[in-house]
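Trainee: Sharing a structure with you now.
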Amino acid sequence: MSALLHVQSLGKRFGGFTALQDVELEVQPGERLGLIGPNGSGKSTLVNCICGTLRNEMGSVSFGGTAIDGLTAHQRTRLGLARSFQLPRPFGSLTLAENLRIPILFAVNARGERTVSGAAIEARCLELLGQVNLADKAHRLPRDLTQIEMRKLELARAMAADPKLLIADESMAGLSHAEVDEILALLIRLNGQGVTVIMIEHIMRAVMAFSQRLAVLVAGRKIADGDPKEVVRNAEVVRAYLGE
Amino acid sequence: MASSVAKAAERGTAPGLGNAAFFGVLVIAAAAIFGATRWFGNDYAFFAAYVVVQYIVLGTAWNILGGYTGYVNFGITAFFAIGAYSSVVLYKLTPWMPLPAMVAIGGVMAALVGLGTGYLTLRLRGVFFSIATLALAVVVQTLITNWDFVGGARGAYVLRPKLAPLIGGGYIEYLFLVMLGLCVVALATARAIERSALGFGFAAIRDDEAAAEASGVPTLKLKLVATALSGGFMGMAGAPLPYYVTYLDPASGFSLNYAVNAIAMPLIGGTSSWLGPVVGAVLVGGLQEYLRVTISSAINVLVAGVLMVVFVIVAPQGVVGLFQRKKR
């Protein structure tokens, strides 16, 4: 089967700093991939390059078999590539339900396969908010939310775009044990519905429970990729996290 | 809480008047205002009301870009004067042309300039965009001042016909009617935007552009729509100006008053809805007219300035926001 996402020798520089170098990554349809790495290893930069928020100077990204390098972020979202931001970026003047309305109007409807309109939009927004336990706050503003609820909103907004591939960028950071389980179950359920998921995370318990495959970024390079249990025992990975 | 849920639900599924029905209500309101002004039986009433309605259009135009999309435009006079001077050109070339056609052409000219400016400057954000629009106003003023055909620095005289076409009475009645019609179109457009996908896209851009892109919003395209619409309405608001003042020179066409008022009025009224610029224009414009007559003709700038400072401190969401917060 051909890969859903194929990152080929991707490189990104910020001035003299090389954030990513020669990164290769393949994600198969329906897969659950975990992506870990120490702070500053380039995980978020990789997500930004895949999603079009940043432009990569070297290498290329293909999605569903076609190169998407020249496409803007919104075009990639419409193709079925959705992401959540590491630091939640809600639309502050819109209610929670309206926050989810944006991707429905501009990603799902713009795809042209089907059009959600009128009361169906509201119903879909409430359904998605229900999945992250925020339905009772549907008509509140994001400023009324706790940090944890913001992360859930961030995830729900990414899901609202009906993605083929969802990239969850540290959506569990700062969450309690029970809340991590909640998000974990949500992501696994989503994967069961056929959505490919890349999870970027520091909470190893969640990463190990979630990932079918694990990739490790260190200082802008991918140093390991494979079965999670083997990867965490990999000498180079252990050295990157714990030192010599 | 309950009422805020009801209100948000209202925005979500957008019941209330449909766009066509709202347009109808506006037309009736405009007809009533025109009737009332005529009943007043005094040319001055028309001159004063024209200014207020003109500011409703200008404020609404500014708000489409500044309030809905979050890009603060200081170059209002550029668009306004492009509309005004396109009428001067048309007056010289095709004096037989009816005023509404001149308004439409002035609007198209300003919308095109808006589109071009947007394309060149929308990669700038925040205050840098604002500075670029300020520069645009200076550039356009310099060009007009050096363009002899429209009078250059000397200014241009436009002879106002004595009688209004179609409706009879003084020509100022006709000018007021045209401006009222324009106001109806501008308000109906603004409200339709608020309730449409376009309005949600604008709001997403205002709140967080990167998140908007990630949610599928074509931000550059939508911002160009906003600059073109906003510039277009400003141009249309300026198009009848030469007939109103009968003598137009760069100093009056590019007067700072237009820019200050077009920004102050939506801010004072509230930038979140179409009603804000209306409330602001009636309040500030009305007060300015009153003080101009009773105290001094120079006091109007002071009024806008002082009110803006007061509202920024006391009610940053404007009059409409104040009312909405009480309702919650």
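Ligands are numbered from 1 in the order shown, residues from 1 within each chain, and chains are lettered A, B, ... in the order they appear in the structure tokens.
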For chain A, which residues have at least one atom within 6 Å of chain B, if we go by only C-alpha atoms? Write them as number ranges by chain, please.

Mentor: A: 73-74, 77-78, 91-92, 103, 106-107, 139

Trainee: Let me see the file: selected residues, N, CA and C atoms, as a PDB file, in the first residue's frame.

Mentor:
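As a result, part-v5.pdb now contains:
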ATOM      1  N   ALA A  73      -1.257  26.507   3.663  1.00  0.00           N
ATOM      2  CA  ALA A  73      -1.771  25.726   4.796  1.00  0.00           C
ATOM      3  C   ALA A  73      -3.246  25.378   4.608  1.00  0.00           C
ATOM      4  N   HIS A  74      -4.042  26.350   4.124  1.00  0.00           N
ATOM      5  CA  HIS A  74      -5.477  26.054   4.036  1.00  0.00           C
ATOM      6  C   HIS A  74      -5.780  25.045   2.941  1.00  0.00           C
ATOM      7  N   THR A  77      -5.117  21.704   4.490  1.00  0.00           N
ATOM      8  CA  THR A  77      -6.207  21.320   5.381  1.00  0.00           C
ATOM      9  C   THR A  77      -7.378  20.775   4.574  1.00  0.00           C
ATOM     10  N   ARG A  78      -7.638  21.412   3.436  1.00  0.00           N
ATOM     11  CA  ARG A  78      -8.751  20.960   2.609  1.00  0.00           C
ATOM     12  C   ARG A  78      -8.484  19.585   2.003  1.00  0.00           C
ATOM     13  N   PHE A  91     -10.158  30.817  18.459  1.00  0.00           N
ATOM     14  CA  PHE A  91     -10.679  32.087  17.947  1.00  0.00           C
ATOM     15  C   PHE A  91     -11.400  32.769  19.110  1.00  0.00           C
ATOM     16  N   GLY A  92     -10.738  33.764  19.705  1.00  0.00           N
ATOM     17  CA  GLY A  92     -11.164  34.295  20.990  1.00  0.00           C
ATOM     18  C   GLY A  92     -12.524  34.974  21.021  1.00  0.00           C
ATOM     19  N   PRO A 103     -13.769  25.373  10.585  1.00  0.00           N
ATOM     20  CA  PRO A 103     -13.298  24.292   9.700  1.00  0.00           C
ATOM     21  C   PRO A 103     -14.418  23.589   8.942  1.00  0.00           C
ATOM     22  N   PHE A 106     -15.077  26.048   6.062  1.00  0.00           N
ATOM     23  CA  PHE A 106     -13.981  26.352   5.132  1.00  0.00           C
ATOM     24  C   PHE A 106     -13.142  25.135   4.734  1.00  0.00           C
ATOM     25  N   ALA A 107     -13.244  24.024   5.468  1.00  0.00           N
ATOM     26  CA  ALA A 107     -12.500  22.838   5.044  1.00  0.00           C
ATOM     27  C   ALA A 107     -13.457  21.787   4.498  1.00  0.00           C
ATOM     28  N   HIS A 139     -21.734  27.433  24.049  1.00  0.00           N
ATOM     29  CA  HIS A 139     -22.006  28.834  23.718  1.00  0.00           C
ATOM     30  C   HIS A 139     -21.258  29.810  24.610  1.00  0.00           C
TER      31      HIS A 139
END

Trainee: Where in region 66-170 of chain A does DSSP assign strand (DSSP E or B), given as number ranges by chain?

Mentor: A: 66-67, 81-84, 165-169

Trainee: Between B:Tyr290, B:Phe176, B:Tyr243, B:Tyr55, single out the one closest to Ala30 (chain B), counting only C-alpha atoms.

Mentor: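 Ranking B:Tyr290, B:Phe176, B:Tyr243, B:Tyr55 by distance to Ala30 (chain B), first place goes to B:Phe176.
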
Trainee: Looking at only C-alpha atoms, which of A:Pro90, A:Ser44, A:Ser211, A:Glu149 is the one that sits closest to Asp136 (chain A)?

Mentor: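 For Asp136 (chain A), the nearest of the given residues is A:Glu149.
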
Trainee: From region 128-275 of chain B, collect each residue whose DSSP state is alpha helix (DSSP H) and return the set as a ChimeraX atom specification.

Mentor: /B:128-145,171-195,197-207,209-214,219-238,241-245,250-253,256-269,275

Trainee: Write the residues of the preceding selection, restricted to C-alpha atoms, as an mmCIF file, in the first residue's frame.

Mentor:
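Result written to result-v5.cif:
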data_model
loop_
_atom_site.group_PDB
_atom_site.id
_atom_site.type_symbol
_atom_site.label_atom_id
_atom_site.label_comp_id
_atom_site.auth_asym_id
_atom_site.auth_seq_id
_atom_site.Cartn_x
_atom_site.Cartn_y
_atom_site.Cartn_z
ATOM 1 C CA PHE B 128 2.785 47.850 9.914
ATOM 2 C CA PHE B 129 -0.309 47.407 7.779
ATOM 3 C CA SER B 130 -1.768 50.571 9.305
ATOM 4 C CA ILE B 131 1.370 52.574 8.502
ATOM 5 C CA ALA B 132 1.300 51.315 4.914
ATOM 6 C CA THR B 133 -2.292 52.518 4.496
ATOM 7 C CA LEU B 134 -1.310 55.897 5.927
ATOM 8 C CA ALA B 135 1.421 56.053 3.287
ATOM 9 C CA LEU B 136 -1.147 55.241 0.613
ATOM 10 C CA ALA B 137 -3.195 58.295 1.618
ATOM 11 C CA VAL B 138 -0.106 60.502 1.247
ATOM 12 C CA VAL B 139 0.764 58.996 -2.139
ATOM 13 C CA VAL B 140 -2.737 59.425 -3.539
ATOM 14 C CA GLN B 141 -2.961 62.997 -2.235
ATOM 15 C CA THR B 142 0.361 63.843 -3.878
ATOM 16 C CA LEU B 143 -0.785 62.357 -7.181
ATOM 17 C CA ILE B 144 -4.097 64.264 -7.127
ATOM 18 C CA THR B 145 -2.410 67.526 -6.101
ATOM 19 C CA TYR B 171 -30.522 69.191 -5.640
ATOM 20 C CA ILE B 172 -29.400 68.561 -2.050
ATOM 21 C CA GLU B 173 -32.534 66.455 -1.577
ATOM 22 C CA TYR B 174 -31.368 64.283 -4.444
ATOM 23 C CA LEU B 175 -27.844 64.029 -2.992
ATOM 24 C CA PHE B 176 -29.288 62.992 0.338
ATOM 25 C CA LEU B 177 -31.502 60.383 -1.320
ATOM 26 C CA VAL B 178 -28.525 58.882 -3.183
ATOM 27 C CA MET B 179 -26.513 58.755 0.035
ATOM 28 C CA LEU B 180 -29.438 57.140 1.873
ATOM 29 C CA GLY B 181 -29.684 54.493 -0.849
ATOM 30 C CA LEU B 182 -25.960 53.846 -0.578
ATOM 31 C CA CYS B 183 -26.318 53.566 3.180
ATOM 32 C CA VAL B 184 -29.053 50.940 2.790
ATOM 33 C CA VAL B 185 -26.813 48.902 0.469
ATOM 34 C CA ALA B 186 -23.791 49.241 2.786
ATOM 35 C CA LEU B 187 -25.697 48.202 5.923
ATOM 36 C CA ALA B 188 -27.437 45.288 4.201
ATOM 37 C CA THR B 189 -24.052 44.109 2.908
ATOM 38 C CA ALA B 190 -22.409 44.424 6.327
ATOM 39 C CA ARG B 191 -25.178 42.479 8.053
ATOM 40 C CA ALA B 192 -25.219 39.795 5.342
ATOM 41 C CA ILE B 193 -21.444 39.379 5.802
ATOM 42 C CA GLU B 194 -21.873 38.984 9.564
ATOM 43 C CA ARG B 195 -24.287 36.115 9.092
ATOM 44 C CA ALA B 197 -19.483 32.028 6.051
ATOM 45 C CA LEU B 198 -17.511 35.073 4.889
ATOM 46 C CA GLY B 199 -18.180 36.795 8.227
ATOM 47 C CA PHE B 200 -16.994 33.752 10.175
ATOM 48 C CA GLY B 201 -13.886 33.642 7.987
ATOM 49 C CA PHE B 202 -13.209 37.347 8.683
ATOM 50 C CA ALA B 203 -13.619 36.754 12.431
ATOM 51 C CA ALA B 204 -11.228 33.791 12.311
ATOM 52 C CA ILE B 205 -8.625 35.964 10.559
ATOM 53 C CA ARG B 206 -9.085 38.715 13.158
ATOM 54 C CA ASP B 207 -8.664 36.285 16.064
ATOM 55 C CA GLU B 209 -4.527 34.057 11.249
ATOM 56 C CA ALA B 210 -2.387 30.916 11.547
ATOM 57 C CA ALA B 211 -5.207 28.997 13.208
ATOM 58 C CA ALA B 212 -7.572 30.259 10.510
ATOM 59 C CA GLU B 213 -5.283 28.907 7.775
ATOM 60 C CA ALA B 214 -5.027 25.584 9.625
ATOM 61 C CA THR B 219 -6.841 34.076 4.484
ATOM 62 C CA LEU B 220 -5.229 36.042 1.649
ATOM 63 C CA LYS B 221 -8.299 35.730 -0.586
ATOM 64 C CA LEU B 222 -10.670 36.744 2.205
ATOM 65 C CA LYS B 223 -8.514 39.713 3.167
ATOM 66 C CA LEU B 224 -8.571 40.871 -0.458
ATOM 67 C CA VAL B 225 -12.370 40.591 -0.455
ATOM 68 C CA ALA B 226 -12.405 42.711 2.711
ATOM 69 C CA THR B 227 -10.061 45.416 1.355
ATOM 70 C CA ALA B 228 -11.947 45.597 -1.942
ATOM 71 C CA LEU B 229 -15.376 45.822 -0.280
ATOM 72 C CA SER B 230 -14.170 48.297 2.320
ATOM 73 C CA GLY B 231 -12.362 50.484 -0.228
ATOM 74 C CA GLY B 232 -15.294 50.285 -2.625
ATOM 75 C CA PHE B 233 -17.810 51.574 -0.098
ATOM 76 C CA MET B 234 -15.441 54.359 0.949
ATOM 77 C CA GLY B 235 -15.128 55.400 -2.692
ATOM 78 C CA MET B 236 -18.886 55.350 -3.140
ATOM 79 C CA ALA B 237 -19.304 57.480 -0.010
ATOM 80 C CA GLY B 238 -16.915 60.021 -1.544
ATOM 81 C CA LEU B 241 -18.873 64.877 -2.435
ATOM 82 C CA PRO B 242 -17.967 67.244 -5.331
ATOM 83 C CA TYR B 243 -21.678 67.976 -5.832
ATOM 84 C CA TYR B 244 -22.145 68.488 -2.099
ATOM 85 C CA VAL B 245 -19.266 70.940 -1.624
ATOM 86 C CA PRO B 250 -7.050 68.216 -2.115
ATOM 87 C CA ALA B 251 -7.036 69.844 1.332
ATOM 88 C CA SER B 252 -10.774 69.295 1.767
ATOM 89 C CA GLY B 253 -11.022 65.954 -0.084
ATOM 90 C CA LEU B 256 -8.094 64.375 8.333
ATOM 91 C CA ASN B 257 -11.649 64.712 9.656
ATOM 92 C CA TYR B 258 -12.888 61.945 7.376
ATOM 93 C CA ALA B 259 -10.222 59.530 8.575
ATOM 94 C CA VAL B 260 -10.632 60.399 12.259
ATOM 95 C CA ASN B 261 -14.421 60.158 12.134
ATOM 96 C CA ALA B 262 -14.523 56.956 10.071
ATOM 97 C CA ILE B 263 -12.387 55.261 12.711
ATOM 98 C CA ALA B 264 -13.838 56.950 15.800
ATOM 99 C CA MET B 265 -17.467 56.270 14.925
ATOM 100 C CA PRO B 266 -17.283 52.449 14.670
ATOM 101 C CA LEU B 267 -15.047 52.353 17.754
ATOM 102 C CA ILE B 268 -17.523 54.448 19.736
ATOM 103 C CA GLY B 269 -20.558 52.598 18.421
ATOM 104 C CA LEU B 275 -25.277 48.571 14.252
#

Trainee: Report the distance between CA of Ala215 (chain A) and CA of Phe63 (chain A) in Å, rounded to one decimal place.

Mentor: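 These two atoms are separated by 18.5 Å.
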
Trainee: Give me the residues within 12 Å of Gln193 (chain A) as a ChimeraX atom specification, counting only C-alpha atoms and dropping any in the same chain fewer than 6 places off.

Mentor: /A:29-31,159,162-165,186-187

Trainee: May I ask for the distance between CA of Phe210 (chain A) and CA of Thr146 (chain A), given in Å to one decimal place?

Mentor: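 Calculated distance between CA of Phe210 (chain A) and CA of Thr146 (chain A) is 25.0 Å.
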
Trainee: Could you jot down the CA of Leu93 (chain B) to CA of Val57 (chain B) separation for me, Å, one decimal place?

Mentor: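 We find that CA of Leu93 (chain B) and CA of Val57 (chain B) lie 26.9 Å from each other.
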
Trainee: Which one of B:Leu159, B:Ala101, B:Ala239, B:Leu302 sits closest to Ile82 (chain B) if you count only C-alpha atoms?

Mentor: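 Looking at the shortest contact to Ile82 (chain B), the residue is B:Ala239.
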
Trainee: List the spatial neighbours of Ile121 (chain A) as a PyMOL selection string - criterion: any atom at most 10 Å away, only C-alpha atoms, same-chain residues fewer than 6 positions off excluded.

Mentor: (chain A and resi 97-98+100-101+104-105+115+127) or (chain B and resi 12-13)

Trainee: Residues near Lys152 (chain A), anyone? I mean within 9 Å using only C-alpha atoms, not counting same-chain ones fewer than 3 positions away, as a PDB file with C-alpha atoms, in the first residue's frame.

Mentor:
ATOM      1  CA  LEU A 129     -17.841  19.174  21.522  1.00  0.00           C
ATOM      2  CA  VAL A 132     -14.345  16.135  24.143  1.00  0.00           C
ATOM      3  CA  ASN A 133     -16.835  16.724  26.992  1.00  0.00           C
ATOM      4  CA  LEU A 134     -17.324  20.409  26.242  1.00  0.00           C
ATOM      5  CA  GLN A 147      -6.049  25.445  29.900  1.00  0.00           C
ATOM      6  CA  ILE A 148      -7.037  21.779  29.720  1.00  0.00           C
ATOM      7  CA  GLU A 149     -10.374  22.563  28.117  1.00  0.00           C
ATOM      8  CA  LEU A 155      -8.309  18.955  19.211  1.00  0.00           C
ATOM      9  CA  ALA A 156     -12.023  19.211  18.473  1.00  0.00           C
ATOM     10  CA  ARG A 157     -11.371  21.994  15.963  1.00  0.00           C
ATOM     11  CA  SER A 171      -2.397  17.868  23.158  1.00  0.00           C
ATOM     12  CA  MET A 172      -1.909  16.172  26.531  1.00  0.00           C
ATOM     13  CA  ILE A 183      -7.768  12.132  25.202  1.00  0.00           C
TER      14      ILE A 183
END
